[in-house]
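Asks: As input, take input.txt (compact mmCIF, C-alpha atoms and all ligand atoms):
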```txt
# COMPACT_ATOMS: atom_id res chain seq x y z
CA MET M 1 24.34 20.28 1.51
CA THR M 2 25.97 20.21 -1.89
CA THR M 3 23.62 19.64 -4.81
CA ILE M 4 23.22 15.99 -5.72
CA ARG M 5 23.51 15.22 -9.42
CA ASN M 6 24.64 11.62 -9.74
CA ALA M 7 21.86 9.76 -7.93
CA ASP M 8 21.25 6.08 -8.79
CA LEU M 9 17.99 5.06 -7.15
CA HIS M 10 17.27 1.65 -8.70
CA CYS M 11 19.34 -1.55 -8.56
CA HIS M 12 19.22 -5.16 -7.34
CA SER M 13 21.39 -7.35 -5.11
CA VAL M 14 21.51 -11.07 -4.27
CA VAL M 15 18.64 -10.32 -1.88
CA SER M 16 16.42 -10.38 -5.02
CA ASP M 17 17.56 -11.06 -8.60
CA GLY M 18 20.92 -9.30 -8.73
CA THR M 19 24.23 -11.16 -8.59
CA LEU M 20 26.25 -8.78 -6.38
CA THR M 21 26.05 -8.27 -2.61
CA PRO M 22 24.87 -4.90 -1.25
CA GLU M 23 28.52 -4.22 -0.29
CA ALA M 24 29.85 -4.92 -3.79
CA LEU M 25 27.11 -2.77 -5.34
CA ALA M 26 27.94 0.13 -3.00
CA ALA M 27 31.63 -0.04 -3.91
CA ARG M 28 30.78 -0.18 -7.62
CA ALA M 29 28.31 2.73 -7.42
CA SER M 30 30.74 4.88 -5.49
CA GLY M 31 33.52 3.98 -7.93
CA ASN M 32 31.31 5.33 -10.72
CA GLY M 33 30.76 8.63 -8.91
CA VAL M 34 27.31 7.99 -7.42
CA GLU M 35 26.61 10.54 -4.66
CA LEU M 36 23.17 9.30 -3.58
CA TRP M 37 22.30 5.62 -3.81
CA ALA M 38 19.31 3.34 -3.13
CA LEU M 39 19.19 -0.46 -3.26
CA THR M 40 15.71 -1.43 -4.54
CA ASP M 41 15.39 -5.21 -4.32
CA HIS M 42 12.14 -6.69 -5.64
CA ASP M 43 9.43 -7.04 -2.95
CA GLU M 44 12.04 -7.13 -0.17
CA VAL M 45 13.84 -4.83 2.30
CA GLY M 46 16.14 -7.51 3.75
CA GLY M 47 19.27 -5.84 2.32
CA GLN M 48 18.58 -2.32 3.56
CA GLN M 49 20.76 -2.26 6.69
CA ARG M 50 23.75 -3.67 4.85
CA ALA M 51 23.21 -1.24 1.97
CA LEU M 52 23.05 1.77 4.30
CA ALA M 53 26.21 0.70 6.14
CA ALA M 54 28.03 0.07 2.84
CA ALA M 55 26.88 3.43 1.45
CA LYS M 56 28.38 5.16 4.51
CA ASP M 57 31.62 3.14 4.19
CA ASN M 58 31.88 4.37 0.60
CA GLY M 59 31.07 8.02 1.32
CA MET M 60 27.63 8.02 -0.34
CA ARG M 61 24.31 9.38 0.88
CA TYR M 62 21.55 6.77 1.07
CA LEU M 63 17.78 6.42 0.59
CA THR M 64 16.00 3.19 1.57
CA GLY M 65 14.47 1.42 -1.40
CA THR M 66 12.37 -1.44 -2.76
CA GLU M 67 10.59 -2.29 -6.04
CA ILE M 68 7.08 -3.68 -5.54
CA SER M 69 5.38 -5.89 -8.15
CA ILE M 70 1.74 -4.95 -8.74
CA THR M 71 -0.97 -5.96 -11.21
CA PHE M 72 -2.76 -3.13 -13.04
CA ILE M 73 -5.29 -3.76 -15.84
CA GLY M 74 -3.93 -7.27 -16.29
CA GLN M 75 -0.26 -6.27 -16.56
CA THR M 76 2.64 -6.43 -14.11
CA VAL M 77 3.81 -2.95 -13.16
CA HIS M 78 6.67 -2.06 -10.82
CA VAL M 79 6.39 0.64 -8.15
CA VAL M 80 9.64 1.79 -6.54
CA GLY M 81 9.49 2.96 -2.92
CA LEU M 82 12.16 5.38 -1.65
CA GLY M 83 12.97 6.93 1.72
CA PHE M 84 10.56 4.86 3.86
CA ASP M 85 11.17 3.47 7.34
CA ALA M 86 12.45 -0.04 6.55
CA ASP M 87 11.27 -1.30 9.95
CA ASN M 88 7.65 -0.32 9.30
CA GLU M 89 5.59 -3.41 10.10
CA ASP M 90 2.72 -2.79 7.63
CA LEU M 91 5.19 -2.33 4.79
CA ARG M 92 7.12 -5.44 5.77
CA GLU M 93 3.91 -7.49 5.99
CA GLY M 94 2.76 -6.20 2.59
CA LEU M 95 6.07 -7.19 1.03
CA ARG M 96 5.89 -10.62 2.69
CA GLN M 97 2.45 -11.15 1.14
CA THR M 98 3.73 -10.02 -2.25
CA ARG M 99 6.64 -12.49 -2.07
CA GLY M 100 4.29 -15.31 -1.07
CA GLY M 101 3.36 -17.47 -4.02
CA ARG M 102 6.65 -17.01 -5.88
CA ARG M 103 7.73 -20.57 -5.05
CA GLU M 104 4.51 -22.16 -6.34
CA ARG M 105 4.62 -19.98 -9.42
CA ALA M 106 8.20 -21.14 -10.01
CA MET M 107 7.19 -24.79 -9.76
CA GLU M 108 4.45 -24.18 -12.34
CA MET M 109 6.97 -22.41 -14.58
CA SER M 110 9.19 -25.47 -14.26
CA ASP M 111 6.28 -27.76 -15.27
CA GLY M 112 5.67 -25.61 -18.34
CA LEU M 113 9.34 -25.78 -19.33
CA ALA M 114 9.40 -29.57 -18.79
CA LYS M 115 6.64 -29.88 -21.41
CA VAL M 116 9.02 -28.46 -24.02
CA GLY M 117 11.86 -30.73 -22.92
CA ILE M 118 13.67 -28.52 -20.39
CA LYS M 119 13.95 -30.71 -17.30
CA ASP M 120 14.47 -29.77 -13.64
CA ALA M 121 14.36 -26.03 -14.26
CA PHE M 122 13.07 -25.36 -10.73
CA GLU M 123 16.11 -27.02 -9.17
CA GLY M 124 18.34 -25.36 -11.75
CA ALA M 125 16.95 -21.89 -11.07
CA LEU M 126 17.27 -22.43 -7.31
CA LYS M 127 21.04 -22.70 -7.67
CA PHE M 128 21.06 -19.01 -8.66
CA VAL M 129 18.74 -17.85 -5.89
CA GLY M 130 20.20 -15.85 -2.98
CA ASN M 131 16.91 -15.40 -1.09
CA PRO M 132 14.66 -18.49 -0.92
CA GLU M 133 11.54 -16.27 -0.78
CA LEU M 134 12.52 -14.53 -3.96
CA ILE M 135 12.80 -16.96 -6.83
CA SER M 136 12.21 -14.90 -9.98
CA ARG M 137 12.12 -15.32 -13.74
CA THR M 138 15.63 -13.90 -13.80
CA HIS M 139 16.93 -16.99 -11.97
CA PHE M 140 15.31 -19.27 -14.56
CA ALA M 141 16.87 -17.12 -17.28
CA ARG M 142 20.35 -17.51 -15.76
CA PHE M 143 19.86 -21.28 -15.52
CA LEU M 144 18.77 -21.58 -19.16
CA VAL M 145 21.82 -19.61 -20.25
CA GLU M 146 24.15 -21.69 -18.06
CA SER M 147 22.70 -24.93 -19.43
CA GLY M 148 23.18 -23.73 -23.01
CA VAL M 149 19.49 -23.55 -24.00
CA CYS M 150 19.91 -19.85 -24.87
CA LYS M 151 22.84 -17.52 -25.45
CA GLU M 152 21.66 -14.67 -23.24
CA THR M 153 18.95 -13.87 -20.72
CA SER M 154 17.00 -11.57 -23.04
CA GLU M 155 16.64 -14.52 -25.46
CA VAL M 156 15.30 -16.69 -22.61
CA PHE M 157 12.65 -14.08 -21.80
CA ARG M 158 11.67 -13.75 -25.45
CA LYS M 159 11.41 -17.49 -26.09
CA TYR M 160 10.33 -18.93 -22.76
CA LEU M 161 9.33 -16.52 -20.01
CA THR M 162 6.92 -13.96 -21.45
CA GLU M 163 3.17 -14.13 -22.03
CA GLY M 164 2.17 -17.06 -24.23
CA LYS M 165 5.56 -18.81 -23.90
CA PRO M 166 6.02 -22.24 -22.24
CA GLY M 167 7.56 -21.02 -18.97
CA PHE M 168 5.16 -18.12 -18.42
CA VAL M 169 2.70 -18.39 -15.54
CA PRO M 170 0.25 -15.51 -15.04
CA HIS M 171 0.50 -14.15 -11.52
CA ARG M 172 -1.58 -11.74 -9.46
CA TRP M 173 0.66 -9.32 -7.52
CA ALA M 174 -0.29 -6.53 -5.09
CA SER M 175 -2.75 -3.78 -6.06
CA LEU M 176 -1.56 -0.30 -7.05
CA LYS M 177 -3.39 1.18 -4.09
CA ASP M 178 -1.82 -1.23 -1.57
CA ALA M 179 1.74 -0.74 -2.84
CA VAL M 180 1.50 3.06 -2.86
CA THR M 181 -0.12 3.02 0.59
CA TRP M 182 2.47 0.67 2.14
CA ILE M 183 5.27 2.98 0.96
CA THR M 184 3.69 6.31 1.86
CA GLN M 185 2.41 5.32 5.30
CA ALA M 186 5.98 4.20 6.07
CA GLY M 187 7.14 7.78 5.36
CA GLY M 188 8.43 7.12 1.83
CA MET M 189 7.69 8.15 -1.74
CA ALA M 190 6.12 5.89 -4.37
CA VAL M 191 7.61 6.14 -7.88
CA ILE M 192 6.33 4.51 -11.10
CA ALA M 193 9.24 2.37 -12.35
CA HIS M 194 10.32 2.37 -16.04
CA PRO M 195 6.90 3.38 -17.47
CA ALA M 196 7.96 2.86 -21.10
CA ARG M 197 8.30 -0.89 -20.48
CA TYR M 198 4.56 -1.50 -20.13
CA LYS M 199 2.32 -2.32 -23.03
CA PHE M 200 -0.63 -0.14 -22.07
CA THR M 201 -2.81 1.76 -24.50
CA PRO M 202 -2.63 5.55 -24.06
CA ASN M 203 -5.92 5.42 -22.12
CA GLU M 204 -4.66 2.70 -19.82
CA GLU M 205 -1.41 4.56 -19.20
CA PHE M 206 -3.41 7.70 -18.38
CA ALA M 207 -5.43 5.62 -15.90
CA LEU M 208 -2.22 4.28 -14.31
CA PHE M 209 -0.78 7.77 -13.78
CA THR M 210 -4.11 9.22 -12.61
CA GLU M 211 -4.85 6.45 -10.10
CA PHE M 212 -1.22 6.44 -8.92
CA LYS M 213 -1.51 10.18 -8.15
CA ASN M 214 -4.89 9.73 -6.47
CA HIS M 215 -3.46 7.06 -4.15
CA GLY M 216 -0.65 9.42 -3.10
CA GLY M 217 2.14 8.49 -5.55
CA GLN M 218 4.60 11.34 -6.14
CA GLY M 219 7.31 10.24 -8.58
CA VAL M 220 8.09 8.64 -11.93
CA GLU M 221 11.33 7.24 -13.34
CA VAL M 222 12.39 9.36 -16.30
CA VAL M 223 16.03 8.39 -16.80
CA THR M 224 16.33 4.61 -16.40
CA GLY M 225 18.28 1.80 -18.04
CA SER M 226 14.95 0.61 -19.49
CA HIS M 227 14.31 3.83 -21.45
CA THR M 228 15.71 5.16 -24.70
CA ALA M 229 16.80 8.80 -24.95
CA ALA M 230 13.51 9.55 -26.74
CA GLU M 231 11.60 7.98 -23.88
CA TYR M 232 13.39 10.26 -21.37
CA LEU M 233 11.65 13.15 -23.13
CA VAL M 234 8.26 11.44 -23.26
CA TYR M 235 8.27 10.75 -19.53
CA ALA M 236 9.81 14.13 -18.65
CA ALA M 237 6.67 15.60 -20.25
CA MET M 238 4.46 13.12 -18.37
CA ALA M 239 6.14 14.08 -15.08
CA LYS M 240 5.27 17.72 -15.73
CA GLU M 241 1.73 16.95 -16.93
CA PHE M 242 0.96 14.96 -13.79
CA GLY M 243 2.96 17.07 -11.34
CA LEU M 244 5.29 14.19 -10.46
CA ALA M 245 8.90 14.39 -9.30
CA ALA M 246 11.46 12.62 -11.52
CA SER M 247 13.76 9.76 -10.62
CA ARG M 248 16.95 8.35 -12.12
CA GLY M 249 18.17 4.77 -11.75
CA SER M 250 20.17 2.23 -13.73
CA ASP M 251 18.17 -0.90 -12.75
CA PHE M 252 21.57 -2.62 -12.60
CA HIS M 253 21.35 -6.38 -11.85
CA SER M 254 24.68 -7.94 -12.71
CA PRO M 255 27.98 -7.29 -14.48
CA ASP M 256 27.22 -10.38 -16.62
CA ASP M 257 23.81 -9.36 -17.97
CA SER M 258 23.86 -6.63 -20.58
CA HIS M 259 22.43 -4.06 -18.20
CA THR M 260 23.14 -0.39 -17.74
CA GLU M 261 26.09 0.28 -15.44
CA LEU M 262 25.51 1.94 -12.04
CA GLY M 263 25.72 5.72 -12.04
CA THR M 264 26.47 6.18 -15.75
CA LEU M 265 23.14 7.26 -17.27
CA PRO M 266 22.59 10.85 -18.42
CA LEU M 267 21.58 13.28 -15.67
CA LEU M 268 17.92 14.25 -15.23
CA PRO M 269 16.70 17.06 -17.48
CA GLU M 270 17.20 20.38 -15.64
CA ASP M 271 13.56 21.48 -15.66
CA LEU M 272 12.24 18.57 -13.55
CA THR M 273 11.97 18.26 -9.78
CA PRO M 274 14.26 15.38 -8.70
CA VAL M 275 12.67 12.96 -6.24
CA TRP M 276 15.64 13.52 -3.92
CA GLU M 277 14.69 17.19 -3.52
CA LEU M 278 11.33 16.20 -1.99
CA LEU M 279 13.01 13.37 -0.05
CA ALA M 280 15.78 15.55 1.44
CA PRO M 281 14.66 14.92 5.06
CA ARG M 282 14.71 11.16 4.41
CA ILE M 283 18.28 11.01 3.08
CA GLN M 284 20.71 9.23 5.39
P1 LIG M 301 9.59 -11.72 -11.93
O1 LIG M 301 9.47 -10.71 -10.82
O2 LIG M 301 9.91 -13.10 -11.44
O3 LIG M 301 8.41 -11.70 -12.87
O4 LIG M 301 10.86 -11.30 -12.80
C1 LIG M 301 10.96 -10.00 -13.32
C2 LIG M 301 12.42 -9.66 -13.59
O5 LIG M 301 12.83 -10.28 -14.79
C3 LIG M 301 12.63 -8.19 -13.83
O6 LIG M 301 12.83 -7.51 -12.64
C4 LIG M 301 13.88 -8.17 -14.67
O7 LIG M 301 15.02 -8.27 -13.83
C5 LIG M 301 13.79 -9.45 -15.46
N1 LIG M 301 13.30 -9.26 -16.84
C6 LIG M 301 12.04 -9.02 -17.24
N2 LIG M 301 11.97 -8.96 -18.59
C7 LIG M 301 13.24 -9.15 -19.06
C8 LIG M 301 13.84 -9.21 -20.36
N3 LIG M 301 13.12 -9.05 -21.46
N4 LIG M 301 15.18 -9.44 -20.43
C9 LIG M 301 15.91 -9.61 -19.32
N5 LIG M 301 15.40 -9.56 -18.06
C10 LIG M 301 14.09 -9.34 -17.92
MN MN M 302 14.80 -7.74 -11.71
MN MN M 303 11.33 -3.43 -12.74
MN MN M 304 14.34 -3.26 -11.13
```
Re-express the file's structure as structure tokens.
Ligand code: AMP
Ligand code: MN
Ligand code: MN
Ligand code: MN
Replies:
Amino acid sequence: MTTIRNADLHCHSVVSDGTLTPEALAARASGNGVELWALTDHDEVGGQQRALAAAKDNGMRYLTGTEISITFIGQTVHVVGLGFDADNEDLREGLRQTRGGRRERAMEMSDGLAKVGIKDAFEGALKFVGNPELISRTHFARFLVESGVCKETSEVFRKYLTEGKPGFVPHRWASLKDAVTWITQAGGMAVIAHPARYKFTPNEEFALFTEFKNHGGQGVEVVTGSHTAAEYLVYAAMAKEFGLAASRGSDFHSPDDSHTELGTLPLLPEDLTPVWELLAPRIQ
């Protein structure tokens, strides 16, 4: 097998909060030179068969993927799963449980927004939803941009959808242990997503990495659209300190949002073990 360099192992389709179909994402990734691809929809594996077929149609290798929302020390953390059996019933049930409650949360978010004069946000957000079980803050953000309340989605998050803001509703997601276990018992690898995004103290971050390892987690995203170049170096060092393999992924959601393009980030630093080396037997 030729050495894989351009792997993009993190992105979202209409099955969660992206705006492109798995087929359109595959064509776009391949057009940008991606050799190994994974679709990682939030809390959902409903797009995996289509993504695999589209990867093959476009001459790419494929790893199954998902991005699980968990709560750790009071914060939402994302754990990416790669290379698992997408038909595994325990994993599917775990993801179903994690998705449960999103609709109620969204109705509460809508109530909060109504109090500051933004009416019918639930119905508005629903117009942007591709998967009725997966209404997310991103869909509210798109609605508030469309209706002219904000200029761009990042402004919506800053003003309305983050802790302490009118549309924010605290939510309890899966546990770290459950998410890592669902992924690994389905034959896959758990990877800490975009670690620089969390607002943990150094001690809390140490606890996250330590507990993640203890539960059987094996990877961390080093090169991601959510990190600066300086943060690549910070988390390259963390990968080595904790003996974790390194992943690379754009976290692409939509051509309209100002997100990193598929397959265009810098390559992983040479001295790290890429997750796809350990996952070689799982590559399709
Ligand atoms: P949820 O799972 O409903 O809490 O929504 C989380 C999603 O919102 C993430 O996966 C991102 O796609 C998006 N998101 C979170 N923070 C921001 C931000 N500051 N700007 C733009 N999108 C964001
Ligand atoms: Mn998202
Ligand atoms: Mn994420
Ligand atoms: Mn993501």
Asks: For atom CA of Leu134 of chain M and atom CA of Arg99 of chain M, quote the distance in Å rounded to one decimal.
Replies: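 Rounded to one decimal, the two atoms are 6.5 Å apart.
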Asks: Return as CSV the residues of segment 30-118 of chain M lying at most 10 Å from segment 198-218 of chain M, together with the closest atom-to-atom pair for each and the distance in Å to one decimal, counting only C-alpha atoms, with rows in chain order and ascending residue number.
Replies:
```
residue,atom,partner,partner_atom,distance
M:Phe72,CA,M:Leu208,CA,7.5
M:Ile73,CA,M:Glu204,CA,7.6
M:Gly74,CA,M:Phe200,CA,9.8
M:Gln75,CA,M:Tyr198,CA,7.7
M:Thr76,CA,M:Tyr198,CA,8.0
M:Val77,CA,M:Tyr198,CA,7.2
M:His78,CA,M:Tyr198,CA,9.6
M:Val79,CA,M:Gly217,CA,9.3
M:Gly81,CA,M:Gly217,CA,9.6
```
Asks: Go ahead and write the residues just picked, C-alpha atoms, as a short mmCIF file (atom, residue, chain, number, x, y, z; two decimals), in the coordinates of the input.
Replies:
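So the final result, stored in out_30.cif, reads:
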```
data_model
loop_
_atom_site.label_atom_id
_atom_site.label_comp_id
_atom_site.auth_asym_id
_atom_site.auth_seq_id
_atom_site.Cartn_x
_atom_site.Cartn_y
_atom_site.Cartn_z
CA PHE M 72 -2.76 -3.13 -13.04
CA ILE M 73 -5.29 -3.76 -15.84
CA GLY M 74 -3.93 -7.27 -16.29
CA GLN M 75 -0.26 -6.27 -16.56
CA THR M 76 2.64 -6.43 -14.11
CA VAL M 77 3.81 -2.95 -13.16
CA HIS M 78 6.67 -2.06 -10.82
CA VAL M 79 6.39 0.64 -8.15
CA GLY M 81 9.49 2.96 -2.92
#
```
Asks: From the options M:Asp41, M:Glu231, M:Glu35, M:Asp271, which residue's atoms come nearest to ligand MN 302 (chain M), counting only C-alpha atoms and all ligand atoms?
Replies: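 When distances to ligand MN 302 (chain M) are compared using only C-alpha atoms and all ligand atoms, the smallest one comes from M:Asp41.
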Asks: At a cut-off of 7 Å, can you tabulate as JSON lines every residue of chain M near ligand LIG 301 (chain M) together with its closest atom pair and the distance in Å to one decimal, using only C-alpha atoms and all ligand atoms and ordering rows by chain then number?
Replies:
```
{"residue": "M:Asp17", "atom": "CA", "partner": "M:LIG301", "partner_atom": "O7", "distance": 6.4}
{"residue": "M:Ser69", "atom": "CA", "partner": "M:LIG301", "partner_atom": "O1", "distance": 6.9}
{"residue": "M:Ile135", "atom": "CA", "partner": "M:LIG301", "partner_atom": "O2", "distance": 6.7}
{"residue": "M:Ser136", "atom": "CA", "partner": "M:LIG301", "partner_atom": "O2", "distance": 3.3}
{"residue": "M:Arg137", "atom": "CA", "partner": "M:LIG301", "partner_atom": "O2", "distance": 3.9}
{"residue": "M:Thr138", "atom": "CA", "partner": "M:LIG301", "partner_atom": "O5", "distance": 4.7}
{"residue": "M:Thr153", "atom": "CA", "partner": "M:LIG301", "partner_atom": "C9", "distance": 5.4}
{"residue": "M:Ser154", "atom": "CA", "partner": "M:LIG301", "partner_atom": "N4", "distance": 3.8}
{"residue": "M:Phe157", "atom": "CA", "partner": "M:LIG301", "partner_atom": "N3", "distance": 5.1}
{"residue": "M:Arg158", "atom": "CA", "partner": "M:LIG301", "partner_atom": "N3", "distance": 6.3}
{"residue": "M:His253", "atom": "CA", "partner": "M:LIG301", "partner_atom": "O7", "distance": 6.9}
```
Asks: For ligand MN 303 (chain M), list the contacting residues at 9 Å or closer, counting all atoms listed in the file, as an MDAnalysis selection string.
Replies: chainID M and resid 10 42 67:69 77:80 193:194 197 226 251
Asks: Using all atoms listed in the file, pick whichever of M:Gly59, M:Gly18, M:Gly94, M:Pro166 has the shortest atom-to-atom distance to ligand MN 304 (chain M).
Replies: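 Of M:Gly59, M:Gly18, M:Gly94, M:Pro166, the one nearest ligand MN 304 (chain M) is M:Gly18, counting all atoms listed in the file.
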Asks: When distances are computed from all atoms listed in the file, which of M:Ala186, M:Arg50, M:Ser13, M:Gly117 shows the smallest separation from Val129 of chain M?
Replies: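 Smallest distance to Val129 of chain M is found for M:Ser13.
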Asks: Contacts of Lys127 of chain M at 10 Å or less, counting all atoms listed in the file, minus same-chain residues fewer than 2 places along, as a PDB file with C-alpha atoms, in the coordinates of the input?
Replies:
```
ATOM      1  CA  ALA M 121      14.360 -26.030 -14.260  1.00  0.00           C
ATOM      2  CA  PHE M 122      13.070 -25.360 -10.730  1.00  0.00           C
ATOM      3  CA  GLU M 123      16.110 -27.020  -9.170  1.00  0.00           C
ATOM      4  CA  GLY M 124      18.340 -25.360 -11.750  1.00  0.00           C
ATOM      5  CA  ALA M 125      16.950 -21.890 -11.070  1.00  0.00           C
ATOM      6  CA  VAL M 129      18.740 -17.850  -5.890  1.00  0.00           C
ATOM      7  CA  GLY M 130      20.200 -15.850  -2.980  1.00  0.00           C
ATOM      8  CA  HIS M 139      16.930 -16.990 -11.970  1.00  0.00           C
ATOM      9  CA  PHE M 140      15.310 -19.270 -14.560  1.00  0.00           C
ATOM     10  CA  ARG M 142      20.350 -17.510 -15.760  1.00  0.00           C
ATOM     11  CA  PHE M 143      19.860 -21.280 -15.520  1.00  0.00           C
TER      12      PHE M 143
END
```
